[in-house]
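protein-v1.pdb, holding PDB, C-alpha atoms:
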ATOM      1  CA  ALA C   1       0.000   0.000   0.000  1.00  0.00           C
ATOM      2  CA  ASP C   2       1.090   3.575  -0.579  1.00  0.00           C
ATOM      3  CA  PRO C   3       1.848   5.867   2.408  1.00  0.00           C
ATOM      4  CA  ALA C   4      -1.504   7.679   2.105  1.00  0.00           C
ATOM      5  CA  SER C   5      -3.453   4.405   2.299  1.00  0.00           C
ATOM      6  CA  ILE C   6      -1.422   3.264   5.307  1.00  0.00           C
ATOM      7  CA  THR C   7      -2.219   6.568   7.051  1.00  0.00           C
ATOM      8  CA  VAL C   8      -5.948   6.072   6.433  1.00  0.00           C
ATOM      9  CA  ILE C   9      -5.790   2.487   7.768  1.00  0.00           C
ATOM     10  CA  HIS C  10      -3.921   3.701  10.855  1.00  0.00           C
ATOM     11  CA  HIS C  11      -6.567   6.379  11.456  1.00  0.00           C
ATOM     12  CA  LEU C  12      -9.415   3.856  11.163  1.00  0.00           C
ATOM     13  CA  LEU C  13      -7.778   1.425  13.561  1.00  0.00           C
ATOM     14  CA  VAL C  14      -7.010   3.892  16.340  1.00  0.00           C
ATOM     15  CA  THR C  15      -9.954   6.317  16.094  1.00  0.00           C
ATOM     16  CA  SER C  16     -12.874   4.056  15.149  1.00  0.00           C
ATOM     17  CA  ARG C  17     -16.044   4.645  17.159  1.00  0.00           C
ATOM     18  CA  PHE C  18     -16.884   0.963  16.980  1.00  0.00           C
ATOM     19  CA  SER C  19     -15.854  -1.218  19.901  1.00  0.00           C
ATOM     20  CA  ARG C  20     -15.271  -4.129  17.552  1.00  0.00           C
ATOM     21  CA  PHE C  21     -13.533  -3.319  14.291  1.00  0.00           C
ATOM     22  CA  LEU C  22     -11.750  -6.047  12.296  1.00  0.00           C
ATOM     23  CA  PHE C  23      -9.268  -5.193   9.568  1.00  0.00           C
ATOM     24  CA  ILE C  24      -7.541  -7.893   7.508  1.00  0.00           C
ATOM     25  CA  GLY C  25      -4.605  -7.089   5.242  1.00  0.00           C
ATOM     26  CA  SER C  26      -2.127  -9.172   3.282  1.00  0.00           C
ATOM     27  CA  CYS C  27       1.320  -8.524   1.878  1.00  0.00           C
ATOM     28  CA  ARG C  28       4.419 -10.198   0.497  1.00  0.00           C
ATOM     29  CA  ASP C  29       6.875  -9.819   3.332  1.00  0.00           C
ATOM     30  CA  ASP C  30       9.816 -10.800   1.117  1.00  0.00           C
ATOM     31  CA  GLU C  31       9.248  -7.606  -0.878  1.00  0.00           C
ATOM     32  CA  MET C  32       9.096  -5.331   2.168  1.00  0.00           C
ATOM     33  CA  GLY C  33      12.131  -4.292   4.181  1.00  0.00           C
ATOM     34  CA  GLN C  34      12.139  -3.639   7.915  1.00  0.00           C
ATOM     35  CA  ASP C  35      11.848   0.100   7.212  1.00  0.00           C
ATOM     36  CA  HIS C  36       8.571  -0.255   5.293  1.00  0.00           C
ATOM     37  CA  PRO C  37       5.818   2.058   6.668  1.00  0.00           C
ATOM     38  CA  ILE C  38       3.461  -0.877   7.259  1.00  0.00           C
ATOM     39  CA  TRP C  39       5.626  -2.207  10.106  1.00  0.00           C
ATOM     40  CA  ASN C  40       5.700   1.204  11.768  1.00  0.00           C
ATOM     41  CA  MET C  41       1.927   1.401  11.457  1.00  0.00           C
ATOM     42  CA  ILE C  42       1.455  -2.006  13.096  1.00  0.00           C
ATOM     43  CA  ALA C  43       3.805  -1.075  15.935  1.00  0.00           C
ATOM     44  CA  SER C  44       1.955   2.209  16.418  1.00  0.00           C
ATOM     45  CA  VAL C  45      -1.544   0.695  16.670  1.00  0.00           C
ATOM     46  CA  GLN C  46      -0.259  -1.933  19.097  1.00  0.00           C
ATOM     47  CA  SER C  47       1.253   0.761  21.329  1.00  0.00           C
ATOM     48  CA  LEU C  48      -2.154   2.480  21.399  1.00  0.00           C
ATOM     49  CA  GLY C  49      -3.898  -0.643  22.627  1.00  0.00           C
ATOM     50  CA  ALA C  50      -5.148  -2.171  19.388  1.00  0.00           C
ATOM     51  CA  HIS C  51      -4.606  -5.899  19.049  1.00  0.00           C
ATOM     52  CA  ALA C  52      -2.675  -6.993  15.951  1.00  0.00           C
ATOM     53  CA  THR C  53      -1.955 -10.565  14.946  1.00  0.00           C
ATOM     54  CA  THR C  54       0.545 -11.468  12.221  1.00  0.00           C
ATOM     55  CA  ILE C  55       0.023 -14.774  10.437  1.00  0.00           C
ATOM     56  CA  LYS C  56       2.710 -16.006   8.082  1.00  0.00           C
ATOM     57  CA  LEU C  57       1.157 -18.264   5.485  1.00  0.00           C
ATOM     58  CA  GLN C  58       3.379 -21.260   4.752  1.00  0.00           C
ATOM     59  CA  VAL C  59       3.362 -23.322   1.563  1.00  0.00           C
ATOM     60  CA  PHE C  60       0.845 -26.157   1.407  1.00  0.00           C
ATOM     61  CA  ASP C  61       1.947 -29.775   1.278  1.00  0.00           C
ATOM     62  CA  LYS C  62       0.276 -32.197  -1.152  1.00  0.00           C
ATOM     63  CA  GLU C  63      -2.244 -33.397   1.399  1.00  0.00           C
ATOM     64  CA  THR C  64      -3.316 -29.840   2.252  1.00  0.00           C
ATOM     65  CA  VAL C  65      -3.726 -28.960  -1.430  1.00  0.00           C
ATOM     66  CA  ASN C  66      -5.869 -32.050  -1.937  1.00  0.00           C
ATOM     67  CA  ARG C  67      -7.971 -31.298   1.129  1.00  0.00           C
ATOM     68  CA  ALA C  68      -8.517 -27.711  -0.051  1.00  0.00           C
ATOM     69  CA  ILE C  69      -9.574 -28.838  -3.533  1.00  0.00           C
ATOM     70  CA  SER C  70     -11.791 -31.531  -2.029  1.00  0.00           C
ATOM     71  CA  ASP C  71     -13.593 -28.947   0.121  1.00  0.00           C
ATOM     72  CA  MET C  72     -13.738 -26.457  -2.746  1.00  0.00           C
ATOM     73  CA  LEU C  73     -15.363 -28.916  -5.160  1.00  0.00           C
ATOM     74  CA  SER C  74     -17.386 -30.863  -2.559  1.00  0.00           C
ATOM     75  CA  LEU C  75     -15.820 -34.115  -3.691  1.00  0.00           C
ATOM     76  CA  SER C  76     -14.147 -36.970  -1.871  1.00  0.00           C
ATOM     77  CA  PRO C  77     -10.360 -36.491  -1.425  1.00  0.00           C
ATOM     78  CA  ARG C  78      -9.942 -39.815  -3.206  1.00  0.00           C
ATOM     79  CA  LEU C  79     -11.517 -38.333  -6.347  1.00  0.00           C
ATOM     80  CA  THR C  80      -9.545 -35.076  -6.290  1.00  0.00           C
ATOM     81  CA  TRP C  81      -6.062 -36.597  -5.909  1.00  0.00           C
ATOM     82  CA  PRO C  82      -5.286 -36.610  -9.674  1.00  0.00           C
ATOM     83  CA  LEU C  83      -6.196 -32.911  -9.976  1.00  0.00           C
ATOM     84  CA  SER C  84      -4.465 -31.875  -6.747  1.00  0.00           C
ATOM     85  CA  ASP C  85      -1.280 -33.674  -7.800  1.00  0.00           C
ATOM     86  CA  ILE C  86      -1.129 -31.579 -10.994  1.00  0.00           C
ATOM     87  CA  VAL C  87      -2.002 -28.351  -9.150  1.00  0.00           C
ATOM     88  CA  TYR C  88       0.663 -28.980  -6.509  1.00  0.00           C
ATOM     89  CA  HIS C  89       3.218 -29.739  -9.208  1.00  0.00           C
ATOM     90  CA  LYS C  90       2.504 -26.428 -10.943  1.00  0.00           C
ATOM     91  CA  THR C  91       2.248 -24.196  -7.850  1.00  0.00           C
ATOM     92  CA  LYS C  92       4.676 -25.877  -5.429  1.00  0.00           C
ATOM     93  CA  GLY C  93       2.013 -25.405  -2.756  1.00  0.00           C
ATOM     94  CA  ASN C  94       2.246 -21.609  -2.753  1.00  0.00           C
ATOM     95  CA  PRO C  95      -1.197 -20.465  -1.456  1.00  0.00           C
ATOM     96  CA  MET C  96      -1.385 -17.418  -3.727  1.00  0.00           C
ATOM     97  CA  PHE C  97      -0.389 -19.370  -6.840  1.00  0.00           C
ATOM     98  CA  PHE C  98      -2.806 -22.143  -5.851  1.00  0.00           C
ATOM     99  CA  SER C  99      -5.812 -19.835  -5.634  1.00  0.00           C
ATOM    100  CA  ARG C 100      -4.924 -18.034  -8.872  1.00  0.00           C
ATOM    101  CA  LEU C 101      -4.503 -21.275 -10.776  1.00  0.00           C
ATOM    102  CA  MET C 102      -7.827 -22.695  -9.575  1.00  0.00           C
ATOM    103  CA  VAL C 103      -9.654 -19.529 -10.650  1.00  0.00           C
ATOM    104  CA  SER C 104      -7.953 -19.484 -14.050  1.00  0.00           C
ATOM    105  CA  LEU C 105      -8.759 -23.176 -14.652  1.00  0.00           C
ATOM    106  CA  SER C 106     -12.433 -22.430 -14.074  1.00  0.00           C
ATOM    107  CA  LYS C 107     -12.382 -19.354 -16.328  1.00  0.00           C
ATOM    108  CA  GLU C 108     -10.686 -21.295 -19.122  1.00  0.00           C
ATOM    109  CA  GLY C 109     -13.226 -24.116 -18.929  1.00  0.00           C
ATOM    110  CA  LEU C 110     -10.681 -26.711 -17.843  1.00  0.00           C
ATOM    111  CA  LEU C 111     -12.541 -27.074 -14.543  1.00  0.00           C
ATOM    112  CA  ASN C 112     -16.331 -26.882 -14.747  1.00  0.00           C
ATOM    113  CA  PHE C 113     -19.534 -28.199 -13.225  1.00  0.00           C
ATOM    114  CA  SER C 114     -21.198 -31.012 -15.164  1.00  0.00           C
ATOM    115  CA  LEU C 115     -24.992 -30.894 -14.922  1.00  0.00           C
ATOM    116  CA  SER C 116     -25.308 -34.439 -16.256  1.00  0.00           C
ATOM    117  CA  ARG C 117     -22.898 -35.871 -13.665  1.00  0.00           C
ATOM    118  CA  ARG C 118     -23.893 -33.374 -10.957  1.00  0.00           C
ATOM    119  CA  ARG C 119     -20.296 -32.787  -9.917  1.00  0.00           C
ATOM    120  CA  TRP C 120     -17.186 -30.843 -10.886  1.00  0.00           C
ATOM    121  CA  VAL C 121     -15.096 -32.330 -13.702  1.00  0.00           C
ATOM    122  CA  TRP C 122     -11.758 -31.389 -15.258  1.00  0.00           C
ATOM    123  CA  ASP C 123      -9.492 -32.155 -18.185  1.00  0.00           C
ATOM    124  CA  GLU C 124      -6.314 -33.578 -16.670  1.00  0.00           C
ATOM    125  CA  GLU C 125      -4.374 -33.719 -19.944  1.00  0.00           C
ATOM    126  CA  LYS C 126      -5.031 -30.078 -20.838  1.00  0.00           C
ATOM    127  CA  ILE C 127      -4.340 -28.883 -17.293  1.00  0.00           C
ATOM    128  CA  GLN C 128      -1.080 -30.833 -17.258  1.00  0.00           C
ATOM    129  CA  SER C 129       0.051 -29.253 -20.540  1.00  0.00           C
ATOM    130  CA  ARG C 130      -1.066 -25.744 -19.535  1.00  0.00           C
ATOM    131  CA  LYS C 131       1.700 -23.195 -19.056  1.00  0.00           C
ATOM    132  CA  ILE C 132       2.165 -22.007 -15.494  1.00  0.00           C
ATOM    133  CA  PRO C 133       1.428 -18.331 -14.630  1.00  0.00           C
ATOM    134  CA  ASP C 134       4.222 -15.745 -14.934  1.00  0.00           C
ATOM    135  CA  ASP C 135       4.491 -15.162 -11.193  1.00  0.00           C
ATOM    136  CA  VAL C 136       5.025 -18.867 -10.571  1.00  0.00           C
ATOM    137  CA  ALA C 137       7.733 -18.826 -13.258  1.00  0.00           C
ATOM    138  CA  ILE C 138       9.514 -15.995 -11.435  1.00  0.00           C
ATOM    139  CA  PHE C 139       9.342 -18.026  -8.227  1.00  0.00           C
ATOM    140  CA  LEU C 140      10.894 -21.039  -9.972  1.00  0.00           C
ATOM    141  CA  THR C 141      13.638 -19.084 -11.733  1.00  0.00           C
ATOM    142  CA  ASN C 142      14.740 -17.723  -8.365  1.00  0.00           C
ATOM    143  CA  ALA C 143      14.811 -21.283  -7.026  1.00  0.00           C
ATOM    144  CA  ILE C 144      17.033 -22.772  -9.747  1.00  0.00           C
ATOM    145  CA  GLY C 145      20.157 -21.839  -7.800  1.00  0.00           C
ATOM    146  CA  GLN C 146      18.983 -24.038  -4.916  1.00  0.00           C
ATOM    147  CA  LEU C 147      19.007 -27.192  -7.059  1.00  0.00           C
ATOM    148  CA  SER C 148      21.872 -29.666  -7.009  1.00  0.00           C
ATOM    149  CA  SER C 149      24.749 -29.021  -9.416  1.00  0.00           C
ATOM    150  CA  GLU C 150      23.775 -32.124 -11.416  1.00  0.00           C
ATOM    151  CA  VAL C 151      20.204 -30.927 -11.947  1.00  0.00           C
ATOM    152  CA  GLN C 152      21.364 -27.408 -12.826  1.00  0.00           C
ATOM    153  CA  ALA C 153      23.800 -28.833 -15.378  1.00  0.00           C
ATOM    154  CA  ALA C 154      21.064 -30.980 -16.934  1.00  0.00           C
ATOM    155  CA  LEU C 155      18.738 -27.972 -17.181  1.00  0.00           C
ATOM    156  CA  CYS C 156      21.499 -25.975 -18.881  1.00  0.00           C
ATOM    157  CA  THR C 157      21.947 -28.775 -21.412  1.00  0.00           C
ATOM    158  CA  LEU C 158      18.222 -28.937 -22.103  1.00  0.00           C
ATOM    159  CA  SER C 159      17.997 -25.148 -22.417  1.00  0.00           C
ATOM    160  CA  CYS C 160      20.251 -25.305 -25.481  1.00  0.00           C
ATOM    161  CA  PHE C 161      17.356 -26.915 -27.366  1.00  0.00           C
ATOM    162  CA  GLY C 162      14.873 -24.171 -26.557  1.00  0.00           C
ATOM    163  CA  ALA C 163      11.526 -24.742 -24.885  1.00  0.00           C
ATOM    164  CA  SER C 164      11.658 -28.544 -25.193  1.00  0.00           C
ATOM    165  CA  ALA C 165      13.648 -31.509 -26.455  1.00  0.00           C
ATOM    166  CA  ASP C 166      12.711 -35.046 -27.436  1.00  0.00           C
ATOM    167  CA  ILE C 167      13.559 -37.669 -24.856  1.00  0.00           C
ATOM    168  CA  SER C 168      15.161 -39.613 -27.697  1.00  0.00           C
ATOM    169  CA  ALA C 169      17.589 -36.706 -28.291  1.00  0.00           C
ATOM    170  CA  VAL C 170      18.476 -36.694 -24.597  1.00  0.00           C
ATOM    171  CA  LYS C 171      19.242 -40.415 -24.774  1.00  0.00           C
ATOM    172  CA  ILE C 172      21.481 -39.861 -27.821  1.00  0.00           C
ATOM    173  CA  LEU C 173      23.502 -37.243 -25.929  1.00  0.00           C
ATOM    174  CA  GLU C 174      23.866 -39.642 -23.025  1.00  0.00           C
ATOM    175  CA  ASP C 175      25.078 -42.479 -25.257  1.00  0.00           C
ATOM    176  CA  ASP C 176      27.320 -40.416 -27.543  1.00  0.00           C
ATOM    177  CA  LEU C 177      28.783 -37.875 -25.118  1.00  0.00           C
ATOM    178  CA  GLY C 178      28.561 -39.849 -21.888  1.00  0.00           C
ATOM    179  CA  LEU C 179      26.340 -37.256 -20.232  1.00  0.00           C
ATOM    180  CA  LYS C 180      24.111 -38.183 -17.306  1.00  0.00           C
ATOM    181  CA  LEU C 181      20.885 -36.347 -17.973  1.00  0.00           C
ATOM    182  CA  GLN C 182      17.670 -38.323 -17.546  1.00  0.00           C
ATOM    183  CA  ASN C 183      17.801 -38.894 -13.783  1.00  0.00           C
ATOM    184  CA  SER C 184      18.549 -35.215 -13.194  1.00  0.00           C
ATOM    185  CA  LEU C 185      15.858 -34.096 -15.645  1.00  0.00           C
ATOM    186  CA  ASP C 186      13.351 -36.412 -13.964  1.00  0.00           C
ATOM    187  CA  ALA C 187      14.284 -34.784 -10.656  1.00  0.00           C
ATOM    188  CA  ALA C 188      13.582 -31.387 -12.255  1.00  0.00           C
ATOM    189  CA  VAL C 189      10.201 -32.723 -13.399  1.00  0.00           C
ATOM    190  CA  ALA C 190       9.398 -33.773  -9.835  1.00  0.00           C
ATOM    191  CA  ASP C 191      10.363 -30.296  -8.593  1.00  0.00           C
ATOM    192  CA  GLY C 192       8.086 -28.589 -11.129  1.00  0.00           C
ATOM    193  CA  PHE C 193      10.733 -27.024 -13.383  1.00  0.00           C
ATOM    194  CA  LEU C 194       9.937 -29.322 -16.316  1.00  0.00           C
ATOM    195  CA  ASP C 195       7.023 -31.276 -17.731  1.00  0.00           C
ATOM    196  CA  LYS C 196       7.450 -34.698 -19.284  1.00  0.00           C
ATOM    197  CA  LEU C 197       4.782 -34.992 -21.957  1.00  0.00           C
ATOM    198  CA  ASN C 198       4.349 -36.585 -25.370  1.00  0.00           C
ATOM    199  CA  GLY C 199       7.877 -37.943 -25.509  1.00  0.00           C
ATOM    200  CA  LYS C 200       9.468 -34.622 -24.606  1.00  0.00           C
ATOM    201  CA  TYR C 201      11.075 -32.832 -21.712  1.00  0.00           C
ATOM    202  CA  GLN C 202       9.710 -29.294 -21.809  1.00  0.00           C
ATOM    203  CA  PHE C 203      10.293 -26.294 -19.591  1.00  0.00           C
ATOM    204  CA  CYS C 204       7.260 -25.293 -17.557  1.00  0.00           C
ATOM    205  CA  HIS C 205       7.734 -21.672 -18.681  1.00  0.00           C
ATOM    206  CA  ASP C 206       9.913 -19.713 -21.107  1.00  0.00           C
ATOM    207  CA  ARG C 207      11.451 -17.755 -18.235  1.00  0.00           C
ATOM    208  CA  VAL C 208      12.778 -20.932 -16.634  1.00  0.00           C
ATOM    209  CA  GLN C 209      14.421 -21.931 -19.913  1.00  0.00           C
ATOM    210  CA  GLU C 210      15.894 -18.446 -20.356  1.00  0.00           C
ATOM    211  CA  THR C 211      17.322 -18.481 -16.828  1.00  0.00           C
ATOM    212  CA  ALA C 212      18.989 -21.855 -17.361  1.00  0.00           C
ATOM    213  CA  TYR C 213      20.415 -20.731 -20.722  1.00  0.00           C
ATOM    214  CA  LYS C 214      21.774 -17.496 -19.236  1.00  0.00           C
ATOM    215  CA  MET C 215      23.775 -19.540 -16.742  1.00  0.00           C
ATOM    216  CA  LEU C 216      26.052 -20.458 -19.659  1.00  0.00           C
ATOM    217  CA  SER C 217      28.675 -18.099 -21.044  1.00  0.00           C
ATOM    218  CA  MET C 218      28.551 -17.181 -24.742  1.00  0.00           C
ATOM    219  CA  GLU C 219      31.588 -19.374 -25.422  1.00  0.00           C
ATOM    220  CA  ASP C 220      30.088 -22.329 -23.566  1.00  0.00           C
ATOM    221  CA  ARG C 221      26.818 -21.983 -25.464  1.00  0.00           C
ATOM    222  CA  ALA C 222      28.576 -22.115 -28.842  1.00  0.00           C
ATOM    223  CA  SER C 223      30.649 -25.109 -27.760  1.00  0.00           C
ATOM    224  CA  ARG C 224      27.638 -26.987 -26.473  1.00  0.00           C
ATOM    225  CA  HIS C 225      25.540 -26.336 -29.583  1.00  0.00           C
ATOM    226  CA  SER C 226      28.342 -27.648 -31.767  1.00  0.00           C
ATOM    227  CA  ARG C 227      28.955 -30.774 -29.655  1.00  0.00           C
ATOM    228  CA  TYR C 228      25.274 -31.579 -29.353  1.00  0.00           C
ATOM    229  CA  GLY C 229      24.690 -31.011 -33.043  1.00  0.00           C
ATOM    230  CA  LEU C 230      27.568 -33.259 -34.093  1.00  0.00           C
ATOM    231  CA  ALA C 231      26.402 -35.989 -31.707  1.00  0.00           C
ATOM    232  CA  LEU C 232      22.953 -35.907 -33.270  1.00  0.00           C
ATOM    233  CA  CYS C 233      24.491 -35.840 -36.772  1.00  0.00           C
ATOM    234  CA  ARG C 234      26.402 -39.030 -36.025  1.00  0.00           C
ATOM    235  CA  TYR C 235      23.116 -40.628 -35.009  1.00  0.00           C
ATOM    236  CA  THR C 236      21.295 -39.489 -38.160  1.00  0.00           C
ATOM    237  CA  LEU C 237      24.033 -40.938 -40.370  1.00  0.00           C
ATOM    238  CA  LYS C 238      23.052 -44.356 -38.988  1.00  0.00           C
ATOM    239  CA  ASN C 239      19.329 -43.575 -39.008  1.00  0.00           C
ATOM    240  CA  ILE C 240      18.772 -41.759 -42.292  1.00  0.00           C
ATOM    241  CA  ASN C 241      14.966 -41.837 -42.023  1.00  0.00           C
ATOM    242  CA  ASP C 242      14.809 -39.724 -38.872  1.00  0.00           C
ATOM    243  CA  ASP C 243      14.200 -36.355 -40.523  1.00  0.00           C
ATOM    244  CA  ALA C 244      13.112 -34.648 -37.305  1.00  0.00           C
ATOM    245  CA  MET C 245      16.360 -35.518 -35.565  1.00  0.00           C
ATOM    246  CA  LEU C 246      18.351 -34.369 -38.595  1.00  0.00           C
ATOM    247  CA  PHE C 247      16.586 -31.008 -38.453  1.00  0.00           C
ATOM    248  CA  THR C 248      17.435 -30.692 -34.736  1.00  0.00           C
ATOM    249  CA  ALA C 249      21.068 -31.638 -35.438  1.00  0.00           C
ATOM    250  CA  VAL C 250      21.447 -29.024 -38.196  1.00  0.00           C
ATOM    251  CA  ASP C 251      19.854 -26.369 -36.007  1.00  0.00           C
ATOM    252  CA  GLN C 252      22.328 -27.079 -33.202  1.00  0.00           C
ATOM    253  CA  VAL C 253      25.331 -26.984 -35.520  1.00  0.00           C
ATOM    254  CA  ASN C 254      24.164 -23.682 -37.029  1.00  0.00           C
ATOM    255  CA  ARG C 255      23.746 -22.156 -33.581  1.00  0.00           C
ATOM    256  CA  GLY C 256      27.263 -23.259 -32.691  1.00  0.00           C
TER     257      GLY C 256
END
Before anything else, please render the file you have as structure tokens.
Amino acid sequence: ADPASITVIHHLLVTSRFSRFLFIGSCRDDEMGQDHPIWNMIASVQSLGAHATTIKLQVFDKETVNRAISDMLSLSPRLTWPLSDIVYHKTKGNPMFFSRLMVSLSKEGLLNFSLSRRRWVWDEEKIQSRKIPDDVAIFLTNAIGQLSSEVQAALCTLSCFGASADISAVKILEDDLGLKLQNSLDAAVADGFLDKLNGKYQFCHDRVQETAYKMLSMEDRASRHSRYGLALCRYTLKNINDDAMLFTAVDQVNRG
């Protein structure tokens, strides 16, 4: 809130004629330093006798997400597990992201009430393939540095192919260059940085891919593109009918 709004809130809290006056506010404490006016306002109203309670909302675990969705849709937790698993994967249990995603799924028609079945239904495949919101992407890009070095390295390798890469291409790089990628990429899938769909590893958002790619120097990028392209070229020489892989190989060599 801006300083003027905080002043108005302070005035309402300390001068209200009502004996019972409840005010609820929310903020992102990671974006507010200790010198932010809101903290001074809270301290001031407390010194004047007003009661203030601060509640820090923690991330939800999978069970909490499922229970919330179960209550929201009036369905048994057993029935909502498939949906809650996808939602948790995409939001990492962040309460704000969770609520925004549920609203957007309803608006987009991916979650709707079926009159014939008299219950809420959803399209798991489309929800799974749906891009995550921008604010969730920012959250994930900031979290990349907390991953293990092996997972970070695998994400950097994948980022050289753009938004996604065929699992078959990843296997070729492992066999030809001796890289260890799939276990680390699967770990990134479990952590929500990637999706594994339709025979591809794909970044959950463009910003995540861009962050991983920017971790490489310009020289390293050129070297990697060349090595990956040549590895795929060697494969296509033995498998001349794989036009898609040949196209990927040429693209990598050109970028190198």
Spell out the residues picked by the PyMOL selection byres ((chain C and resi 214) around 12) here, as a PyMOL selection string. chain C and resi 141+144+152+155-157+159-160+207-213+215-221
Resulting file, chosen residues, C-alpha atoms, as a compact mmCIF listing (two decimals), in the frame of the given file:
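Below is the file again17.txt, written as the result:
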# COMPACT_ATOMS: atom_id res chain seq x y z
CA THR C 141 13.64 -19.08 -11.73
CA ILE C 144 17.03 -22.77 -9.75
CA GLN C 152 21.36 -27.41 -12.83
CA LEU C 155 18.74 -27.97 -17.18
CA CYS C 156 21.50 -25.98 -18.88
CA THR C 157 21.95 -28.78 -21.41
CA SER C 159 18.00 -25.15 -22.42
CA CYS C 160 20.25 -25.30 -25.48
CA ARG C 207 11.45 -17.76 -18.24
CA VAL C 208 12.78 -20.93 -16.63
CA GLN C 209 14.42 -21.93 -19.91
CA GLU C 210 15.89 -18.45 -20.36
CA THR C 211 17.32 -18.48 -16.83
CA ALA C 212 18.99 -21.86 -17.36
CA TYR C 213 20.42 -20.73 -20.72
CA MET C 215 23.78 -19.54 -16.74
CA LEU C 216 26.05 -20.46 -19.66
CA SER C 217 28.68 -18.10 -21.04
CA MET C 218 28.55 -17.18 -24.74
CA GLU C 219 31.59 -19.37 -25.42
CA ASP C 220 30.09 -22.33 -23.57
CA ARG C 221 26.82 -21.98 -25.46
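Residue membership of the PyMOL selection byres ((chain C and resi 234) around 12) in the shown file amounts to Ala169, Ile172, Leu173, Asp175, Asp176, Leu177, Arg227, Tyr228, Gly229, Leu230, Ala231, Leu232, Cys233, Tyr235, Thr236, Leu237, Lys238, Asn239, Ile240, Asp242, Met245, Leu246, Ala249 and Val250 of chain C.
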Name the residues in contact with Ala153 of chain C at a cut-off of 9 Å, using only C-alpha atoms, excluding same-chain residues fewer than 5 positions from it; report them as a ChimeraX atom specification. /C:148,158,181,184,212
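Of note, atom CA of Leu110 of chain C and atom CA of Arg130 of chain C are spaced 9.8 Å apart.
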Measuring between only C-alpha atoms, which one of C:Leu111, C:Leu147, C:Val45, C:Cys27 shows the shortest distance to Ile9 of chain C? C:Val45
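Restricting the calculation to all atoms listed in the file, the smallest distance between Phe23 of chain C and any of C:Ser70, C:Gln202, C:Gln252, C:Thr54 is found for C:Thr54.
Reported to one decimal place, the separation of atom CA of Ile127 of chain C from atom CA of Ile86 of chain C is 7.6 Å.
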Would you list the residues near (-22.3, -30.9, -7.1) (no more than 12 Å away, in the coordinates of the file, using only C-alpha atoms) as a PyMOL selection string? chain C and resi 70-76+112-121
Can you pull out every residue within 12 Å of Gly49 of chain C, counting all atoms listed in the file, but drop anything in the same chain fewer than 3 positions away, and send it as a ChimeraX atom specification? /C:13-15,42-46,52
So which residues get picked by the PyMOL selection byres ((chain C and resi 132) around 8) here, written as a VMD selection string? chain C and resid 90 to 91 130 to 131 133 to 134 136 to 137 204 to 205
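Nearest residue to Ile55 of chain C, choosing from C:Asp35, C:Arg78, C:Gly162, C:Ser26 and counting only C-alpha atoms: C:Ser26.
Across the model, the gap from atom CA of Met41 of chain C to atom CA of His10 of chain C is 6.3 Å.
For the set C:Asn40, C:Lys92, C:Asp166, C:Pro77, the residue with the smallest atom-to-atom gap to Phe60 of chain C is C:Lys92, counting only C-alpha atoms.
Closest approach to Gly256 of chain C among C:Gly199, C:Gln182, C:Ser226, C:Trp81 is made by C:Ser226 (distances from only C-alpha atoms).
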Show me, as lines of an AutoDock Vina configuration file, the centre and edge lengths in Å to one decimal of the axis-aligned box that covers every listed atom of segment 216-228 of chain C with 8 Å on each side.
center_x = 28.4
center_y = -24.4
center_z = -25.7
size_x = 22.3
size_y = 30.4
size_z = 28.1
Just need segment 207-225 of chain C in a file, please: C-alpha atoms, as a PDB file, in the first residue's frame.
ATOM      1  CA  ARG C 207      11.451 -17.755 -18.235  1.00  0.00           C
ATOM      2  CA  VAL C 208      12.778 -20.932 -16.634  1.00  0.00           C
ATOM      3  CA  GLN C 209      14.421 -21.931 -19.913  1.00  0.00           C
ATOM      4  CA  GLU C 210      15.894 -18.446 -20.356  1.00  0.00           C
ATOM      5  CA  THR C 211      17.322 -18.481 -16.828  1.00  0.00           C
ATOM      6  CA  ALA C 212      18.989 -21.855 -17.361  1.00  0.00           C
ATOM      7  CA  TYR C 213      20.415 -20.731 -20.722  1.00  0.00           C
ATOM      8  CA  LYS C 214      21.774 -17.496 -19.236  1.00  0.00           C
ATOM      9  CA  MET C 215      23.775 -19.540 -16.742  1.00  0.00           C
ATOM     10  CA  LEU C 216      26.052 -20.458 -19.659  1.00  0.00           C
ATOM     11  CA  SER C 217      28.675 -18.099 -21.044  1.00  0.00           C
ATOM     12  CA  MET C 218      28.551 -17.181 -24.742  1.00  0.00           C
ATOM     13  CA  GLU C 219      31.588 -19.374 -25.422  1.00  0.00           C
ATOM     14  CA  ASP C 220      30.088 -22.329 -23.566  1.00  0.00           C
ATOM     15  CA  ARG C 221      26.818 -21.983 -25.464  1.00  0.00           C
ATOM     16  CA  ALA C 222      28.576 -22.115 -28.842  1.00  0.00           C
ATOM     17  CA  SER C 223      30.649 -25.109 -27.760  1.00  0.00           C
ATOM     18  CA  ARG C 224      27.638 -26.987 -26.473  1.00  0.00           C
ATOM     19  CA  HIS C 225      25.540 -26.336 -29.583  1.00  0.00           C
TER      20      HIS C 225
END
